[in-house]
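K.L.:
Next up, work.cif (mmCIF, C-alpha atoms).
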data_input
loop_
_atom_site.group_PDB
_atom_site.id
_atom_site.type_symbol
_atom_site.label_atom_id
_atom_site.label_comp_id
_atom_site.auth_asym_id
_atom_site.auth_seq_id
_atom_site.Cartn_x
_atom_site.Cartn_y
_atom_site.Cartn_z
ATOM 1 C CA MET A 1 215.578 26.431 196.082
ATOM 2 C CA HIS A 2 212.139 25.174 195.280
ATOM 3 C CA ALA A 3 211.828 21.770 193.665
ATOM 4 C CA PRO A 4 210.609 21.974 190.049
ATOM 5 C CA ARG A 5 206.864 21.498 189.665
ATOM 6 C CA THR A 6 205.791 18.223 188.132
ATOM 7 C CA ARG A 7 204.025 18.835 184.842
ATOM 8 C CA VAL A 8 200.708 17.010 184.595
ATOM 9 C CA GLN A 9 200.477 14.876 181.459
ATOM 10 C CA ARG A 10 197.045 15.684 180.048
ATOM 11 C CA ARG A 11 195.004 13.098 178.160
ATOM 12 C CA PRO A 12 191.654 12.835 176.376
ATOM 13 C CA VAL A 13 188.910 12.158 178.920
ATOM 14 C CA HIS A 14 185.249 11.979 177.900
ATOM 15 C CA GLY A 15 182.230 11.885 180.194
ATOM 16 C CA VAL A 16 180.316 13.617 182.969
ATOM 17 C CA LEU A 17 181.383 13.929 186.587
ATOM 18 C CA LEU A 18 178.641 14.747 189.093
ATOM 19 C CA LEU A 19 180.447 16.843 191.672
ATOM 20 C CA ASP A 20 179.148 17.876 195.081
ATOM 21 C CA LYS A 21 180.670 21.361 195.082
ATOM 22 C CA PRO A 22 181.861 22.497 198.498
ATOM 23 C CA LEU A 23 181.208 25.865 200.100
ATOM 24 C CA GLY A 24 183.834 28.508 199.453
ATOM 25 C CA LEU A 25 184.960 27.405 195.992
ATOM 26 C CA SER A 26 183.767 29.001 192.779
ATOM 27 C CA SER A 27 182.411 26.644 190.136
ATOM 28 C CA ASN A 28 185.506 27.259 188.018
ATOM 29 C CA GLN A 29 187.854 26.509 190.917
ATOM 30 C CA ALA A 30 186.039 23.228 191.514
ATOM 31 C CA LEU A 31 186.190 22.430 187.801
ATOM 32 C CA GLN A 32 189.918 23.096 187.585
ATOM 33 C CA LYS A 33 190.627 20.863 190.604
ATOM 34 C CA ALA A 34 188.601 17.988 189.109
ATOM 35 C CA LYS A 35 190.229 18.524 185.710
ATOM 36 C CA TRP A 36 193.665 18.290 187.349
ATOM 37 C CA LEU A 37 192.723 15.117 189.249
ATOM 38 C CA LEU A 38 191.518 13.451 186.040
ATOM 39 C CA ARG A 39 194.403 14.860 183.958
ATOM 40 C CA ALA A 40 191.790 15.884 181.396
ATOM 41 C CA GLU A 41 192.593 17.928 178.296
ATOM 42 C CA LYS A 42 189.233 19.665 177.993
ATOM 43 C CA ALA A 43 186.525 20.442 180.559
ATOM 44 C CA GLY A 44 183.562 22.701 181.238
ATOM 45 C CA HIS A 45 180.582 22.963 183.574
ATOM 46 C CA THR A 46 176.833 23.255 183.026
ATOM 47 C CA GLY A 47 176.161 26.524 184.820
ATOM 48 C CA THR A 48 177.674 28.105 187.884
ATOM 49 C CA LEU A 49 176.949 27.771 191.574
ATOM 50 C CA ASP A 50 177.818 30.661 193.896
ATOM 51 C CA PRO A 51 180.891 30.101 196.100
ATOM 52 C CA LEU A 52 178.512 30.293 199.085
ATOM 53 C CA ALA A 53 176.328 27.507 197.670
ATOM 54 C CA SER A 54 177.079 23.796 197.727
ATOM 55 C CA GLY A 55 175.650 20.862 195.828
ATOM 56 C CA VAL A 56 175.150 19.343 192.403
ATOM 57 C CA LEU A 57 177.550 20.630 189.751
ATOM 58 C CA PRO A 58 177.766 18.450 186.612
ATOM 59 C CA LEU A 59 181.228 18.746 185.037
ATOM 60 C CA CYS A 60 181.706 17.862 181.381
ATOM 61 C CA PHE A 61 184.911 16.433 179.941
ATOM 62 C CA GLY A 62 185.973 16.080 176.322
ATOM 63 C CA ALA A 63 183.104 15.261 173.975
ATOM 64 C CA ALA A 64 180.582 15.899 176.773
ATOM 65 C CA THR A 65 181.326 19.640 176.580
ATOM 66 C CA LYS A 66 179.489 19.662 173.240
ATOM 67 C CA PHE A 67 176.226 18.991 175.080
ATOM 68 C CA SER A 68 176.711 21.059 178.245
ATOM 69 C CA GLN A 69 174.356 23.773 176.963
ATOM 70 C CA LEU A 70 171.459 21.345 177.338
ATOM 71 C CA HIS A 71 171.825 21.471 181.114
ATOM 72 C CA LEU A 72 172.084 25.218 181.337
ATOM 73 C CA ASP A 73 168.390 25.085 180.429
ATOM 74 C CA ALA A 74 167.473 22.332 182.914
ATOM 75 C CA ASP A 75 165.185 22.853 185.892
ATOM 76 C CA LYS A 76 166.981 23.068 189.242
ATOM 77 C CA THR A 77 166.028 22.104 192.812
ATOM 78 C CA TYR A 78 167.471 23.826 195.872
ATOM 79 C CA GLU A 79 167.186 23.646 199.627
ATOM 80 C CA THR A 80 167.663 26.980 201.339
ATOM 81 C CA THR A 81 167.269 28.719 204.683
ATOM 82 C CA VAL A 82 165.915 32.271 204.813
ATOM 83 C CA ARG A 83 166.935 34.156 207.951
ATOM 84 C CA LEU A 84 164.056 36.494 208.763
ATOM 85 C CA GLY A 85 164.308 39.990 210.226
ATOM 86 C CA VAL A 86 167.878 40.745 209.104
ATOM 87 C CA LYS A 87 168.680 42.261 205.692
ATOM 88 C CA THR A 88 172.221 42.232 204.330
ATOM 89 C CA ARG A 89 173.865 44.166 201.536
ATOM 90 C CA THR A 90 174.436 41.052 199.431
ATOM 91 C CA GLY A 91 171.286 39.101 200.325
ATOM 92 C CA ASP A 92 173.357 36.343 201.956
ATOM 93 C CA ALA A 93 175.252 35.738 205.172
ATOM 94 C CA GLU A 94 178.488 37.267 203.826
ATOM 95 C CA GLY A 95 177.101 40.777 203.419
ATOM 96 C CA ASP A 96 177.029 43.564 205.985
ATOM 97 C CA VAL A 97 173.773 43.931 207.910
ATOM 98 C CA ILE A 98 171.902 46.969 206.596
ATOM 99 C CA GLU A 99 168.568 46.634 208.428
ATOM 100 C CA THR A 100 166.876 44.670 211.190
ATOM 101 C CA ARG A 101 163.143 44.404 211.789
ATOM 102 C CA PRO A 102 160.930 42.463 214.178
ATOM 103 C CA VAL A 103 159.356 39.265 212.864
ATOM 104 C CA THR A 104 155.618 39.448 213.494
ATOM 105 C CA CYS A 105 154.194 37.229 210.734
ATOM 106 C CA THR A 106 151.977 34.246 211.489
ATOM 107 C CA VAL A 107 152.067 30.704 210.151
ATOM 108 C CA GLY A 108 149.029 31.511 208.008
ATOM 109 C CA GLN A 109 150.772 34.504 206.473
ATOM 110 C CA VAL A 110 153.833 32.397 205.674
ATOM 111 C CA VAL A 111 151.703 29.835 203.834
ATOM 112 C CA GLU A 112 149.824 32.553 201.968
ATOM 113 C CA VAL A 113 153.008 34.365 200.901
ATOM 114 C CA LEU A 114 154.689 31.164 199.711
ATOM 115 C CA ASP A 115 151.618 30.327 197.633
ATOM 116 C CA SER A 116 151.839 33.762 195.992
ATOM 117 C CA PHE A 117 155.339 32.956 194.690
ATOM 118 C CA MET A 118 154.284 29.769 192.915
ATOM 119 C CA GLY A 119 154.204 29.710 189.107
ATOM 120 C CA PRO A 120 155.547 32.397 186.733
ATOM 121 C CA ILE A 121 157.144 35.334 188.550
ATOM 122 C CA SER A 122 159.391 38.297 187.703
ATOM 123 C CA GLN A 123 162.718 38.888 189.420
ATOM 124 C CA VAL A 124 165.132 41.805 189.331
ATOM 125 C CA PRO A 125 168.627 40.240 189.261
ATOM 126 C CA PRO A 126 170.685 41.103 192.360
ATOM 127 C CA MET A 127 173.575 43.544 192.082
ATOM 128 C CA HIS A 128 175.835 40.917 193.623
ATOM 129 C CA SER A 129 175.604 38.525 190.653
ATOM 130 C CA ALA A 130 177.697 37.583 187.617
ATOM 131 C CA LEU A 131 175.076 38.895 185.162
ATOM 132 C CA LYS A 132 176.725 41.430 182.866
ATOM 133 C CA LYS A 133 175.698 45.003 182.088
ATOM 134 C CA ASP A 134 177.623 46.663 179.235
ATOM 135 C CA GLY A 135 180.138 43.824 179.373
ATOM 136 C CA LYS A 136 180.837 44.221 183.094
ATOM 137 C CA PRO A 137 179.559 41.842 185.827
ATOM 138 C CA LEU A 138 177.027 43.423 188.165
ATOM 139 C CA TYR A 139 179.093 42.490 191.208
ATOM 140 C CA GLU A 140 181.876 44.779 189.960
ATOM 141 C CA TYR A 141 179.473 47.737 189.920
ATOM 142 C CA ALA A 142 178.291 46.730 193.419
ATOM 143 C CA ARG A 143 181.891 46.511 194.620
ATOM 144 C CA ASP A 144 182.365 50.132 193.478
ATOM 145 C CA GLY A 145 179.223 51.197 195.333
ATOM 146 C CA GLU A 146 177.165 51.632 192.147
ATOM 147 C CA THR A 147 173.634 50.425 191.482
ATOM 148 C CA VAL A 148 172.569 50.059 187.839
ATOM 149 C CA GLU A 149 169.223 49.438 186.206
ATOM 150 C CA ARG A 150 168.419 45.747 185.668
ATOM 151 C CA GLU A 151 165.696 44.347 183.480
ATOM 152 C CA PRO A 152 163.280 42.008 185.304
ATOM 153 C CA ARG A 153 163.616 38.335 184.365
ATOM 154 C CA HIS A 154 160.688 35.998 183.979
ATOM 155 C CA VAL A 155 161.168 32.637 185.697
ATOM 156 C CA VAL A 156 158.924 29.829 186.931
ATOM 157 C CA ILE A 157 158.709 28.417 190.450
ATOM 158 C CA HIS A 158 157.404 24.887 189.859
ATOM 159 C CA ASP A 159 157.259 23.931 193.530
ATOM 160 C CA LEU A 160 157.920 25.759 196.797
ATOM 161 C CA GLU A 161 157.825 23.481 199.823
ATOM 162 C CA LEU A 162 158.074 24.650 203.415
ATOM 163 C CA LEU A 163 160.356 22.141 205.142
ATOM 164 C CA ASP A 164 160.541 23.848 208.518
ATOM 165 C CA MET A 165 159.974 27.239 210.123
ATOM 166 C CA GLN A 166 160.798 29.105 213.280
ATOM 167 C CA LEU A 167 159.032 32.433 213.783
ATOM 168 C CA GLN A 168 160.088 33.039 217.398
ATOM 169 C CA GLY A 169 163.425 33.171 219.209
ATOM 170 C CA ASP A 170 166.792 34.650 218.310
ATOM 171 C CA THR A 171 167.019 33.229 214.771
ATOM 172 C CA PRO A 172 163.597 33.220 213.091
ATOM 173 C CA GLN A 173 163.876 31.444 209.759
ATOM 174 C CA LEU A 174 162.189 29.457 207.004
ATOM 175 C CA ARG A 175 163.678 26.306 205.481
ATOM 176 C CA LEU A 176 162.466 25.803 201.910
ATOM 177 C CA ARG A 177 162.804 23.418 198.980
ATOM 178 C CA VAL A 178 162.511 25.204 195.641
ATOM 179 C CA CYS A 179 162.076 23.590 192.221
ATOM 180 C CA CYS A 180 162.473 26.257 189.561
ATOM 181 C CA SER A 181 163.304 27.070 185.960
ATOM 182 C CA LYS A 182 166.738 28.103 184.739
ATOM 183 C CA GLY A 183 167.861 31.607 185.617
ATOM 184 C CA THR A 184 166.072 31.768 188.975
ATOM 185 C CA TYR A 185 167.949 33.712 191.644
ATOM 186 C CA ILE A 186 167.240 31.916 194.916
ATOM 187 C CA ARG A 187 168.856 34.755 196.855
ATOM 188 C CA THR A 188 166.387 37.206 195.309
ATOM 189 C CA LEU A 189 163.503 34.784 195.897
ATOM 190 C CA GLY A 190 164.416 34.527 199.584
ATOM 191 C CA GLU A 191 164.697 38.298 199.957
ATOM 192 C CA ASP A 192 161.373 38.857 198.164
ATOM 193 C CA ILE A 193 159.575 36.276 200.350
ATOM 194 C CA ALA A 194 160.967 37.874 203.513
ATOM 195 C CA GLU A 195 159.983 41.332 202.272
ATOM 196 C CA ALA A 196 156.446 40.131 201.532
ATOM 197 C CA LEU A 197 156.283 38.904 205.152
ATOM 198 C CA GLY A 198 157.048 42.443 206.300
ATOM 199 C CA CYS A 199 160.343 41.697 208.049
ATOM 200 C CA GLY A 200 162.989 41.420 205.351
ATOM 201 C CA GLY A 201 165.677 38.754 205.414
ATOM 202 C CA HIS A 202 168.594 37.065 203.710
ATOM 203 C CA LEU A 203 169.764 33.574 202.717
ATOM 204 C CA SER A 204 171.844 31.887 205.386
ATOM 205 C CA MET A 205 172.212 28.576 203.497
ATOM 206 C CA LEU A 206 171.861 27.416 199.896
ATOM 207 C CA ARG A 207 172.356 23.921 198.494
ATOM 208 C CA ARG A 208 171.477 22.635 195.021
ATOM 209 C CA ILE A 209 170.134 19.108 195.341
ATOM 210 C CA ALA A 210 169.195 18.444 191.705
ATOM 211 C CA THR A 211 169.695 19.732 188.187
ATOM 212 C CA GLY A 212 167.793 18.071 185.362
ATOM 213 C CA PRO A 213 167.955 14.275 185.873
ATOM 214 C CA PHE A 214 170.943 14.455 188.256
ATOM 215 C CA ASP A 215 170.655 14.652 192.048
ATOM 216 C CA SER A 216 172.965 14.927 195.031
ATOM 217 C CA THR A 217 172.878 11.186 195.820
ATOM 218 C CA GLN A 218 174.866 10.577 192.596
ATOM 219 C CA CYS A 219 177.580 13.120 193.393
ATOM 220 C CA ILE A 220 181.108 12.810 194.724
ATOM 221 C CA THR A 221 183.065 15.411 196.697
ATOM 222 C CA LEU A 222 186.485 16.686 195.647
ATOM 223 C CA ASP A 223 188.039 15.124 198.747
ATOM 224 C CA ALA A 224 186.525 11.723 197.919
ATOM 225 C CA LEU A 225 187.634 12.024 194.286
ATOM 226 C CA GLU A 226 191.171 12.870 195.356
ATOM 227 C CA ALA A 227 191.271 9.797 197.632
ATOM 228 C CA LEU A 228 190.608 7.473 194.668
ATOM 229 C CA ASN A 229 193.253 6.012 192.421
ATOM 230 C CA GLU A 230 193.341 7.005 188.763
ATOM 231 C CA ARG A 231 191.259 4.092 187.480
ATOM 232 C CA GLU A 232 188.611 4.647 190.158
ATOM 233 C CA ARG A 233 188.379 8.339 189.265
ATOM 234 C CA LEU A 234 187.648 7.466 185.636
ATOM 235 C CA GLU A 235 185.012 4.986 186.796
ATOM 236 C CA ARG A 236 183.122 7.869 188.430
ATOM 237 C CA LEU A 237 182.462 9.385 185.006
ATOM 238 C CA LEU A 238 179.040 8.936 183.472
ATOM 239 C CA PRO A 239 178.978 8.345 179.705
ATOM 240 C CA VAL A 240 178.544 11.338 177.411
ATOM 241 C CA GLN A 241 174.998 10.243 176.553
ATOM 242 C CA ALA A 242 173.961 10.822 180.185
ATOM 243 C CA LEU A 243 173.531 14.444 179.064
ATOM 244 C CA LEU A 244 171.013 13.324 176.436
ATOM 245 C CA ALA A 245 168.516 11.754 178.846
ATOM 246 C CA GLY A 246 165.000 12.261 177.564
ATOM 247 C CA HIS A 247 166.089 12.469 173.928
ATOM 248 C CA GLU A 248 164.432 10.247 171.341
ATOM 249 C CA ARG A 249 166.857 7.487 170.352
ATOM 250 C CA VAL A 250 167.663 6.788 166.687
ATOM 251 C CA THR A 251 170.029 3.986 165.643
ATOM 252 C CA LEU A 252 171.684 4.070 162.211
ATOM 253 C CA ASP A 253 173.361 1.351 160.185
ATOM 254 C CA SER A 254 177.015 1.582 159.157
ATOM 255 C CA GLU A 255 176.462 3.429 155.869
ATOM 256 C CA HIS A 256 174.123 6.031 157.335
ATOM 257 C CA ALA A 257 176.289 6.437 160.450
ATOM 258 C CA GLY A 258 179.301 7.487 158.396
ATOM 259 C CA ARG A 259 177.298 9.968 156.349
ATOM 260 C CA PHE A 260 175.587 11.356 159.453
ATOM 261 C CA LEU A 261 178.999 11.981 161.090
ATOM 262 C CA SER A 262 179.978 13.887 157.940
ATOM 263 C CA GLY A 263 177.110 16.284 158.687
ATOM 264 C CA LEU A 264 174.735 14.951 156.030
ATOM 265 C CA ARG A 265 170.999 14.705 156.590
ATOM 266 C CA ARG A 266 169.497 11.254 156.368
ATOM 267 C CA ARG A 267 166.029 10.271 155.105
ATOM 268 C CA GLY A 268 163.834 7.855 157.042
ATOM 269 C CA ASP A 269 160.379 7.259 158.469
ATOM 270 C CA TRP A 270 161.041 9.109 161.704
ATOM 271 C CA GLU A 271 158.404 11.158 163.454
ATOM 272 C CA ASP A 272 159.195 14.778 164.285
ATOM 273 C CA HIS A 273 161.292 15.170 167.439
ATOM 274 C CA ALA A 274 163.113 18.296 168.636
ATOM 275 C CA ARG A 275 165.749 16.329 170.544
ATOM 276 C CA VAL A 276 167.282 13.113 169.231
ATOM 277 C CA ALA A 277 170.292 11.081 170.402
ATOM 278 C CA VAL A 278 171.843 9.245 167.445
ATOM 279 C CA PHE A 279 173.687 5.936 167.812
ATOM 280 C CA GLY A 280 175.352 3.623 165.325
ATOM 281 C CA PRO A 281 178.328 1.343 164.683
ATOM 282 C CA MET A 282 181.825 2.760 164.780
ATOM 283 C CA PRO A 283 182.213 4.220 161.259
ATOM 284 C CA GLY A 284 184.924 2.859 159.011
ATOM 285 C CA LYS A 285 185.664 -0.124 161.235
ATOM 286 C CA PRO A 286 184.724 -3.783 160.757
ATOM 287 C CA PRO A 287 182.421 -5.210 163.443
ATOM 288 C CA ASP A 288 184.325 -6.026 166.646
ATOM 289 C CA PRO A 289 182.675 -8.385 169.179
ATOM 290 C CA HIS A 290 184.639 -6.660 171.968
ATOM 291 C CA ILE A 291 183.138 -3.239 171.199
ATOM 292 C CA PRO A 292 179.592 -2.747 172.466
ATOM 293 C CA GLU A 293 177.313 -1.419 169.784
ATOM 294 C CA PRO A 294 175.853 0.941 168.994
ATOM 295 C CA VAL A 295 177.946 3.941 170.098
ATOM 296 C CA LEU A 296 176.853 7.557 170.495
ATOM 297 C CA LEU A 297 177.387 9.586 167.316
ATOM 298 C CA GLY A 298 175.801 12.872 168.349
ATOM 299 C CA SER A 299 172.567 14.827 168.658
ATOM 300 C CA ALA A 300 170.038 15.768 166.012
ATOM 301 C CA HIS A 301 166.402 16.587 165.406
ATOM 302 C CA THR A 302 163.926 14.985 163.041
ATOM 303 C CA LYS A 303 161.514 16.875 160.828
ATOM 304 C CA ALA A 304 159.445 15.733 157.838
ATOM 305 C CA GLY A 305 161.258 12.391 157.731
ATOM 306 C CA GLU A 306 164.729 13.900 157.817
ATOM 307 C CA LEU A 307 167.379 13.339 160.499
ATOM 308 C CA ILE A 308 169.162 16.695 160.794
ATOM 309 C CA PRO A 309 172.570 16.641 162.541
ATOM 310 C CA GLY A 310 173.207 18.821 165.585
ATOM 311 C CA ARG A 311 176.346 18.421 167.712
ATOM 312 C CA LEU A 312 178.486 15.537 166.465
ATOM 313 C CA LEU A 313 181.275 13.495 167.982
ATOM 314 C CA SER A 314 184.369 13.094 165.829
ATOM 315 C CA PRO A 315 185.542 9.589 164.889
ATOM 316 C CA SER A 316 188.673 10.187 167.008
ATOM 317 C CA GLU A 317 186.528 11.062 170.062
ATOM 318 C CA ILE A 318 184.443 7.936 169.578
ATOM 319 C CA GLN A 319 187.583 5.831 169.281
ATOM 320 C CA GLN A 320 189.092 7.403 172.410
ATOM 321 C CA ILE A 321 185.930 6.667 174.390
ATOM 322 C CA LEU A 322 186.021 3.040 173.268
ATOM 323 C CA ASP A 323 189.760 2.713 173.860
ATOM 324 C CA ASN A 324 189.694 4.193 177.343
ATOM 325 C CA SER A 325 186.451 2.858 178.762
ATOM 326 C CA PRO A 326 184.519 0.538 176.464
ATOM 327 C CA GLU A 327 181.777 0.104 179.049
ATOM 328 C CA LEU A 328 180.928 3.806 178.852
ATOM 329 C CA SER A 329 179.491 3.510 175.351
ATOM 330 C CA THR A 330 176.751 1.009 176.153
#
Once more with this new file: its structure as structure tokens, please.

P.N.:
Amino acid sequence: MHAPRTRVQRRPVHGVLLLDKPLGLSSNQALQKAKWLLRAEKAGHTGTLDPLASGVLPLCFGAATKFSQLHLDADKTYETTVRLGVKTRTGDAEGDVIETRPVTCTVGQVVEVLDSFMGPISQVPPMHSALKKDGKPLYEYARDGETVEREPRHVVIHDLELLDMQLQGDTPQLRLRVCCSKGTYIRTLGEDIAEALGCGGHLSMLRRIATGPFDSTQCITLDALEALNERERLERLLPVQALLAGHERVTLDSEHAGRFLSGLRRRGDWEDHARVAVFGPMPGKPPDPHIPEPVLLGSAHTKAGELIPGRLLSPSEIQQILDNSPELST
């Protein structure tokens, strides 16, 4: 007989874990493993990475999930290798080879083609993607051998740097660093660049090295996280307000903090700002010298002298953050 499985005792955990996602795992698989290691009640991520891509995957726990949408819209930076002369069905190394062509382009042509992909471009989403058509992911149509019409998407390539290239030999390839807007398909970009060079190609490697203000040097792997003890795992969490980097900061007094957390607008002499991070004392509690102040209350925007609430933390979430890791609220 099998021994009974030990039930994990979940608990409220609040913060952001910067994970270096490994190859082979989906973003959700990586999230569930980290959630289990932290024994967290609630978790979400800030946009998926393909199983065949590695790199920066911010994971949000507890109150941080309220602000995860902000990083769906963040610019991303990738390093990728485009294998020239070999096209695959999926646009990556996992797909069957469907065409081979000689690579005859010159260094000058490579530079010229890369320049042509800078700035605003249109992309047709690949069939092997999670984008949905009539409620069904495109990859399911592709799996059934179907190709459906896809609307072009407008994205921006902010920077396209050639890190290395090899145009001769058995494995001609380009190694690129791409800084781009949300929604950019790097697989499609690689295929389009290779097609413009006249030889076709596919991605043989993809790694995300930055998303918004977070980069790979701040990340931890699942193996390294698992090797830590429970306290050390919690210490790897960034505070919830790490997701509000770049927001204008507004600090309220005790009276206004309580009303703001009730969803009421506040009047003040604030300038107009689309993104505001609001801080204040812990509502309903007397000042405590052991609690760093102020604490994060939520997000807002200011217009015509009004502070208009956005996503708010609950008093219980604020208290849990302070109870579990007081240093995270500074």

K.L.:
I need the output of the PyMOL selection byres ((chain A and resi 158-167) around 8) for this file as a short mmCIF file (atom, residue, chain, number, x, y, z; two decimals) with C-alpha atoms, keeping the file's coordinate frame; which residues are they?

P.N.:
data_model
loop_
_atom_site.label_atom_id
_atom_site.label_comp_id
_atom_site.auth_asym_id
_atom_site.auth_seq_id
_atom_site.Cartn_x
_atom_site.Cartn_y
_atom_site.Cartn_z
CA VAL A 103 159.36 39.26 212.86
CA THR A 104 155.62 39.45 213.49
CA CYS A 105 154.19 37.23 210.73
CA THR A 106 151.98 34.25 211.49
CA LEU A 114 154.69 31.16 199.71
CA ASP A 115 151.62 30.33 197.63
CA PHE A 117 155.34 32.96 194.69
CA MET A 118 154.28 29.77 192.92
CA GLY A 119 154.20 29.71 189.11
CA VAL A 156 158.92 29.83 186.93
CA ILE A 157 158.71 28.42 190.45
CA GLN A 168 160.09 33.04 217.40
CA GLY A 169 163.43 33.17 219.21
CA THR A 171 167.02 33.23 214.77
CA PRO A 172 163.60 33.22 213.09
CA GLN A 173 163.88 31.44 209.76
CA LEU A 174 162.19 29.46 207.00
CA ARG A 175 163.68 26.31 205.48
CA LEU A 176 162.47 25.80 201.91
CA ARG A 177 162.80 23.42 198.98
CA VAL A 178 162.51 25.20 195.64
CA CYS A 179 162.08 23.59 192.22
CA CYS A 180 162.47 26.26 189.56
CA SER A 181 163.30 27.07 185.96
#

K.L.:
Which is closer to Ala40 of chain A than all the others in A:Gly55, A:Pro239, A:Gly15, A:Gly280, using all atoms listed in the file?

P.N.:
A:Gly15

K.L.:
Identify which of the residues A:Thr302, A:Thr211, A:Ser216, A:Gln9 lies closest to His71 of chain A, counting only C-alpha atoms when measuring atom-to-atom distances.

P.N.:
A:Thr211

K.L.:
Between A:Gly263, A:Gly305, A:Gly298, A:Gly44, which one has atoms that come closest to Glu317 of chain A, using only C-alpha atoms?

P.N.:
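Distance minimum relative to Glu317 of chain A lands on A:Gly298.
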
K.L.:
For Phe214 of chain A, which residue out of A:Leu313, A:Ala242, A:Ser254, A:Glu99 is the nearest one, using only C-alpha atoms?

P.N.:
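Checking each of A:Leu313, A:Ala242, A:Ser254, A:Glu99 against Phe214 of chain A, counting only C-alpha atoms, the winner is A:Ala242.
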